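Asker: Please see the structure below; I have some questions.
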Amino acid sequence: MASTKNNLEVLFEDNHLIIVNKQSGDIVQGDKTGDVPLSEIVKQFIKDKYNKPGNVFLGVVHRLDRPTTGVIVFAKTSKALERFNKMLRDKKVNKTYWAVVKNLPEKIEDTLTGYLKKNPKNNKSTSYSSAIEGSKKAILHYKVIKSLDNYHLLEVDLETGRHHQIRCQLASIGSPIKGDLKYGFDRSNKDASIHLHARKIEFVHPVTKEQISIIAPTPNEVIWNACN
């Protein structure tokens, strides 16, 4: 179920930032579907909460794929937006993801390095073992943190932020994410979600300089509930 302003899950808010728990189906910014994006829902939330007249400023600092869930940050001021963007470029924002896969990777813990090339026609990335024209280097670290009867929970830390990076790189080692038909899982989830969740984000606040660590609760769903 996608977000509406009535069920928006706000994880943190101050004068500069608002951090929410994105639901599957939410698009972060407007696209060709014409569906109402999460950015507009958050703007309306701020407008209603603070009785703001006129337009509300909201900066999108990063994105999550439509079928994924989890923590996402928006900037409420241009100063916060500019500084947060610089922190992302300087790799000063740590993001941790949870992914549920059916096929246990050969190694319980590993670093995956590949070269990802995006095909805009089918909105899909392919991983290559060496650089090819138009590819970008992609590095992630994963470890298996729990095994269920039929599935395994992986914790993933990204060093780079490439298009569909986690989905593509886990599929490249034979462990596609549950529900991710695009990258080789055998069937979709009923709600069109995939079992990829932006679990945690950590950074030094761009304005107040306090240490921020936010954990996003997983969706209320059988497999996710078993992972907690």
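A note on labels: chains of the structure tokens are A, B, ... as shown, every chain counts residues from 1, and ligands are counted from 1 in their shown order.
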Within 12 Å of region 212-223 of chain A, counting only C-alpha atoms, which residues show up once you throw out same-chain ones fewer than 6 positions away? Write them as a ChimeraX atom specification, please.

Answerer: /A:1-2,9-14,17-24,68-73,92-102,146-153,178-179,189-191,193-206

Asker: Mind checking DSSP for chain A and telling me the strand (DSSP E or B) residues as a VMD selection string?

Answerer: chain A and resid 10 to 13 17 to 22 59 to 60 69 to 75 94 to 101 109 to 119 124 to 128 136 to 147 152 to 158 177 196 to 204 211 to 215

Asker: Take CA of Gly59 (chain A) and CA of Val207 (chain A) and report the distance between them in Å, one decimal.

Answerer: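 Between CA of Gly59 (chain A) and CA of Val207 (chain A) the gap is 14.9 Å.
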
Asker: Calculate how many Å separate CA of Ile139 (chain A) from CA of Pro37 (chain A), rounding to one decimal.

Answerer: 29.2 Å

Asker: Rank nothing, just name the residue among A:Arg187, A:Lys124, A:Arg89, A:Lys136 nearest to Arg167 (chain A), using only C-alpha atoms.

Answerer: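 Counting only C-alpha atoms, the residue closest to Arg167 (chain A) is A:Lys124.
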
Asker: Could you list, as a ChimeraX atom specification, every residue within 10 Å of Gly174 (chain A), counting only C-alpha atoms and ignoring same-chain residues fewer than 6 positions away?

Answerer: /A:101-106,183-185

Asker: Filtering to C-alpha atoms, could you give me those residues as a tab-separated table (two decimals), in the first residue's frame?

Answerer:
chain	number	residue	atom	x	y	z
A	101	VAL	CA	16.64	-13.93	-0.59
A	102	LYS	CA	15.71	-17.57	-1.17
A	103	ASN	CA	19.10	-18.84	-2.30
A	104	LEU	CA	21.78	-18.67	0.38
A	105	PRO	CA	24.95	-17.04	-1.02
A	106	GLU	CA	28.04	-19.27	-1.10
A	183	TYR	CA	16.19	-9.66	-11.50
A	184	GLY	CA	15.27	-13.32	-11.67
A	185	PHE	CA	13.11	-14.20	-8.67

Asker: If we count only C-alpha atoms, what is near Gly54 (chain A) at a cut-off of 12 Å, once residues fewer than 5 positions away on the same chain are taken out, given as an NGL selection string?

Answerer: :A and (43-44 or 46-48)

Asker: Take the selection from the previous step and output its residues with N, CA and C atoms, as a PDB file, in the first residue's frame.

Answerer:
ATOM      1  N   LYS A  43       5.047  17.186   1.439  1.00  0.00           N
ATOM      2  CA  LYS A  43       4.784  18.637   1.374  1.00  0.00           C
ATOM      3  C   LYS A  43       3.419  18.970   1.962  1.00  0.00           C
ATOM      4  N   GLN A  44       2.424  18.182   1.594  1.00  0.00           N
ATOM      5  CA  GLN A  44       1.059  18.424   2.079  1.00  0.00           C
ATOM      6  C   GLN A  44       0.975  18.209   3.591  1.00  0.00           C
ATOM      7  N   ILE A  46       3.420  18.703   5.746  1.00  0.00           N
ATOM      8  CA  ILE A  46       4.048  19.874   6.385  1.00  0.00           C
ATOM      9  C   ILE A  46       3.092  21.072   6.329  1.00  0.00           C
ATOM     10  N   LYS A  47       2.481  21.266   5.177  1.00  0.00           N
ATOM     11  CA  LYS A  47       1.541  22.390   4.974  1.00  0.00           C
ATOM     12  C   LYS A  47       0.391  22.323   5.981  1.00  0.00           C
ATOM     13  N   ASP A  48      -0.171  21.097   6.137  1.00  0.00           N
ATOM     14  CA  ASP A  48      -1.296  20.917   7.058  1.00  0.00           C
ATOM     15  C   ASP A  48      -0.862  21.038   8.520  1.00  0.00           C
TER      16      ASP A  48
END

Asker: Would you list the contacts of His164 (chain A) as an MDAnalysis selection string, taking every protein, DNA or RNA residue within 10 Å and counting only C-alpha atoms, but skipping same-chain residues closer than 6 positions in sequence?

Answerer: chainID A and resid 64:65 116 118 123:126 183

Asker: Based on the selection just made, write N, CA and C atoms of those residues as a compact mmCIF listing (two decimals), in the first residue's frame.

Answerer:
# COMPACT_ATOMS: atom_id res chain seq x y z
N LEU A 64 14.57 5.87 -3.52
CA LEU A 64 14.48 4.41 -3.38
C LEU A 64 13.59 3.92 -4.51
N ASP A 65 13.87 2.73 -5.01
CA ASP A 65 13.04 2.16 -6.07
C ASP A 65 11.60 2.00 -5.60
N LEU A 116 28.35 -1.98 -13.31
CA LEU A 116 26.93 -1.98 -13.67
C LEU A 116 26.66 -1.04 -14.83
N LYS A 118 23.37 0.47 -17.01
CA LYS A 118 21.91 0.61 -17.03
C LYS A 118 21.41 0.62 -18.47
N ASN A 123 14.77 -0.26 -18.09
CA ASN A 123 15.04 0.22 -16.73
C ASN A 123 15.66 -0.89 -15.88
N LYS A 124 16.71 -1.46 -16.40
CA LYS A 124 17.37 -2.58 -15.72
C LYS A 124 18.88 -2.43 -15.85
N SER A 125 19.61 -2.86 -14.82
CA SER A 125 21.07 -2.83 -14.87
C SER A 125 21.62 -4.25 -15.03
N THR A 126 22.77 -4.34 -15.69
CA THR A 126 23.47 -5.61 -15.84
C THR A 126 24.84 -5.47 -15.19
N TYR A 183 14.82 -9.14 -11.67
CA TYR A 183 16.19 -9.66 -11.50
C TYR A 183 16.21 -11.15 -11.19

Asker: Could you tell me which of A:Asp180, A:Asp157, A:Glu40, A:Asp110 comes closest to Pro67 (chain A) if we count only C-alpha atoms?

Answerer: A:Asp180

Asker: Output as a PyMOL selection string all residues of region 19-109 of chain A that backbone DSSP marks as helix (DSSP H, G or I).

Answerer: chain A and resi 38-49+78-89

Asker: Keeping only N, CA and C atoms, write the selected residues as a JSON list (two decimals), in the first residue's frame.

Answerer:
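Saved file selection31.json follows:
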[["chain", "number", "residue", "atom", "x", "y", "z"],
["A", 38, "LEU", "N", 5.71, 10.68, -3.27],
["A", 38, "LEU", "CA", 5.90, 10.82, -1.83],
["A", 38, "LEU", "C", 6.30, 12.26, -1.47],
["A", 39, "SER", "N", 7.11, 12.88, -2.31],
["A", 39, "SER", "CA", 7.53, 14.26, -2.03],
["A", 39, "SER", "C", 6.33, 15.20, -1.89],
["A", 40, "GLU", "N", 5.29, 14.99, -2.72],
["A", 40, "GLU", "CA", 4.09, 15.84, -2.63],
["A", 40, "GLU", "C", 3.27, 15.52, -1.38],
["A", 41, "ILE", "N", 3.23, 14.24, -1.01],
["A", 41, "ILE", "CA", 2.50, 13.83, 0.21],
["A", 41, "ILE", "C", 3.16, 14.45, 1.44],
["A", 42, "VAL", "N", 4.51, 14.45, 1.45],
["A", 42, "VAL", "CA", 5.24, 15.04, 2.58],
["A", 42, "VAL", "C", 5.04, 16.56, 2.62],
["A", 43, "LYS", "N", 5.05, 17.19, 1.44],
["A", 43, "LYS", "CA", 4.78, 18.64, 1.37],
["A", 43, "LYS", "C", 3.42, 18.97, 1.96],
["A", 44, "GLN", "N", 2.42, 18.18, 1.59],
["A", 44, "GLN", "CA", 1.06, 18.42, 2.08],
["A", 44, "GLN", "C", 0.98, 18.21, 3.59],
["A", 45, "PHE", "N", 1.72, 17.19, 4.07],
["A", 45, "PHE", "CA", 1.78, 16.91, 5.51],
["A", 45, "PHE", "C", 2.33, 18.14, 6.26],
["A", 46, "ILE", "N", 3.42, 18.70, 5.75],
["A", 46, "ILE", "CA", 4.05, 19.87, 6.38],
["A", 46, "ILE", "C", 3.09, 21.07, 6.33],
["A", 47, "LYS", "N", 2.48, 21.27, 5.18],
["A", 47, "LYS", "CA", 1.54, 22.39, 4.97],
["A", 47, "LYS", "C", 0.39, 22.32, 5.98],
["A", 48, "ASP", "N", -0.17, 21.10, 6.14],
["A", 48, "ASP", "CA", -1.30, 20.92, 7.06],
["A", 48, "ASP", "C", -0.86, 21.04, 8.52],
["A", 49, "LYS", "N", 0.27, 20.41, 8.84],
["A", 49, "LYS", "CA", 0.73, 20.37, 10.24],
["A", 49, "LYS", "C", 1.04, 21.78, 10.77],
["A", 78, "SER", "N", 16.69, 24.98, 1.92],
["A", 78, "SER", "CA", 17.69, 24.89, 0.84],
["A", 78, "SER", "C", 19.09, 24.69, 1.41],
["A", 79, "LYS", "N", 19.34, 25.26, 2.59],
["A", 79, "LYS", "CA", 20.66, 25.08, 3.24],
["A", 79, "LYS", "C", 20.88, 23.60, 3.57],
["A", 80, "ALA", "N", 19.86, 22.96, 4.15],
["A", 80, "ALA", "CA", 19.98, 21.53, 4.49],
["A", 80, "ALA", "C", 20.14, 20.68, 3.23],
["A", 81, "LEU", "N", 19.42, 21.05, 2.17],
["A", 81, "LEU", "CA", 19.50, 20.30, 0.91],
["A", 81, "LEU", "C", 20.91, 20.36, 0.33],
["A", 82, "GLU", "N", 21.45, 21.56, 0.28],
["A", 82, "GLU", "CA", 22.80, 21.74, -0.28],
["A", 82, "GLU", "C", 23.84, 20.98, 0.53],
["A", 83, "ARG", "N", 23.75, 21.09, 1.84],
["A", 83, "ARG", "CA", 24.75, 20.43, 2.70],
["A", 83, "ARG", "C", 24.59, 18.90, 2.68],
["A", 84, "PHE", "N", 23.35, 18.43, 2.64],
["A", 84, "PHE", "CA", 23.14, 16.98, 2.63],
["A", 84, "PHE", "C", 23.64, 16.38, 1.32],
["A", 85, "ASN", "N", 23.40, 17.09, 0.22],
["A", 85, "ASN", "CA", 23.90, 16.62, -1.07],
["A", 85, "ASN", "C", 25.43, 16.51, -1.06],
["A", 86, "LYS", "N", 26.07, 17.48, -0.43],
["A", 86, "LYS", "CA", 27.54, 17.43, -0.33],
["A", 86, "LYS", "C", 27.98, 16.24, 0.53],
["A", 87, "MET", "N", 27.26, 15.99, 1.62],
["A", 87, "MET", "CA", 27.58, 14.84, 2.48],
["A", 87, "MET", "C", 27.46, 13.53, 1.70],
["A", 88, "LEU", "N", 26.44, 13.42, 0.87],
["A", 88, "LEU", "CA", 26.28, 12.22, 0.05],
["A", 88, "LEU", "C", 27.45, 12.08, -0.93],
["A", 89, "ARG", "N", 27.80, 13.18, -1.59],
["A", 89, "ARG", "CA", 28.94, 13.14, -2.53],
["A", 89, "ARG", "C", 30.23, 12.75, -1.83]]

Asker: Residues near Lys137 (chain A), anyone? I mean within 10 Å using only C-alpha atoms, not counting same-chain ones fewer than 5 positions away, as a PyMOL selection string.

Answerer: chain A and resi 113-117+127-132+160-162

Asker: Residues at most 12 Å from Thr111 (chain A), counting only C-alpha atoms, excluding those fewer than 6 positions away in the same chain, as an MDAnalysis selection string?

Answerer: chainID A and resid 105 138:143 155:159 166 169:170 173

Asker: Please produce a file of the residues just selected, as a short mmCIF file (atom, residue, chain, number, x, y, z; two decimals), in the first residue's frame, where the atoms kept are N, CA and C atoms.

Answerer:
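To be explicit, this is the file written out as out_36.cif:
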data_model
loop_
_atom_site.label_atom_id
_atom_site.label_comp_id
_atom_site.auth_asym_id
_atom_site.auth_seq_id
_atom_site.Cartn_x
_atom_site.Cartn_y
_atom_site.Cartn_z
N PRO A 105 23.68 -17.25 -0.30
CA PRO A 105 24.95 -17.04 -1.02
C PRO A 105 26.01 -18.04 -0.56
N ALA A 138 30.66 -0.70 -9.04
CA ALA A 138 29.69 -0.85 -7.96
C ALA A 138 30.28 -1.77 -6.89
N ILE A 139 30.25 -1.29 -5.63
CA ILE A 139 30.79 -2.08 -4.51
C ILE A 139 29.77 -2.13 -3.39
N LEU A 140 29.52 -3.33 -2.90
CA LEU A 140 28.68 -3.47 -1.70
C LEU A 140 29.26 -4.56 -0.81
N HIS A 141 28.88 -4.50 0.47
CA HIS A 141 29.28 -5.51 1.45
C HIS A 141 28.00 -6.13 2.00
N TYR A 142 27.98 -7.46 2.09
CA TYR A 142 26.79 -8.09 2.67
C TYR A 142 27.20 -9.12 3.71
N LYS A 143 26.27 -9.43 4.60
CA LYS A 143 26.45 -10.58 5.49
C LYS A 143 25.07 -11.18 5.76
N GLU A 155 22.16 -8.40 5.44
CA GLU A 155 22.37 -6.98 5.72
C GLU A 155 23.38 -6.47 4.71
N VAL A 156 23.05 -5.37 4.07
CA VAL A 156 23.86 -4.87 2.96
C VAL A 156 24.29 -3.43 3.25
N ASP A 157 25.58 -3.17 3.09
CA ASP A 157 26.11 -1.80 3.18
C ASP A 157 26.67 -1.42 1.82
N LEU A 158 26.24 -0.27 1.33
CA LEU A 158 26.68 0.19 0.01
C LEU A 158 27.90 1.09 0.11
N GLU A 159 28.85 0.86 -0.78
CA GLU A 159 29.95 1.82 -0.93
C GLU A 159 29.66 2.78 -2.06
N ILE A 166 21.78 -3.08 -5.44
CA ILE A 166 21.65 -4.26 -4.56
C ILE A 166 20.90 -5.36 -5.30
N GLN A 169 23.33 -6.80 -8.07
CA GLN A 169 24.52 -7.51 -7.60
C GLN A 169 24.17 -8.79 -6.84
N LEU A 170 23.08 -8.78 -6.05
CA LEU A 170 22.69 -10.02 -5.37
C LEU A 170 22.21 -11.06 -6.40
N ILE A 173 25.01 -13.09 -8.03
CA ILE A 173 25.62 -14.22 -7.31
C ILE A 173 24.57 -15.32 -7.07
#

Asker: For CA of His16 (chain A) and CA of Pro53 (chain A), quote the distance in Å rounded to one decimal.

Answerer: 18.2 Å
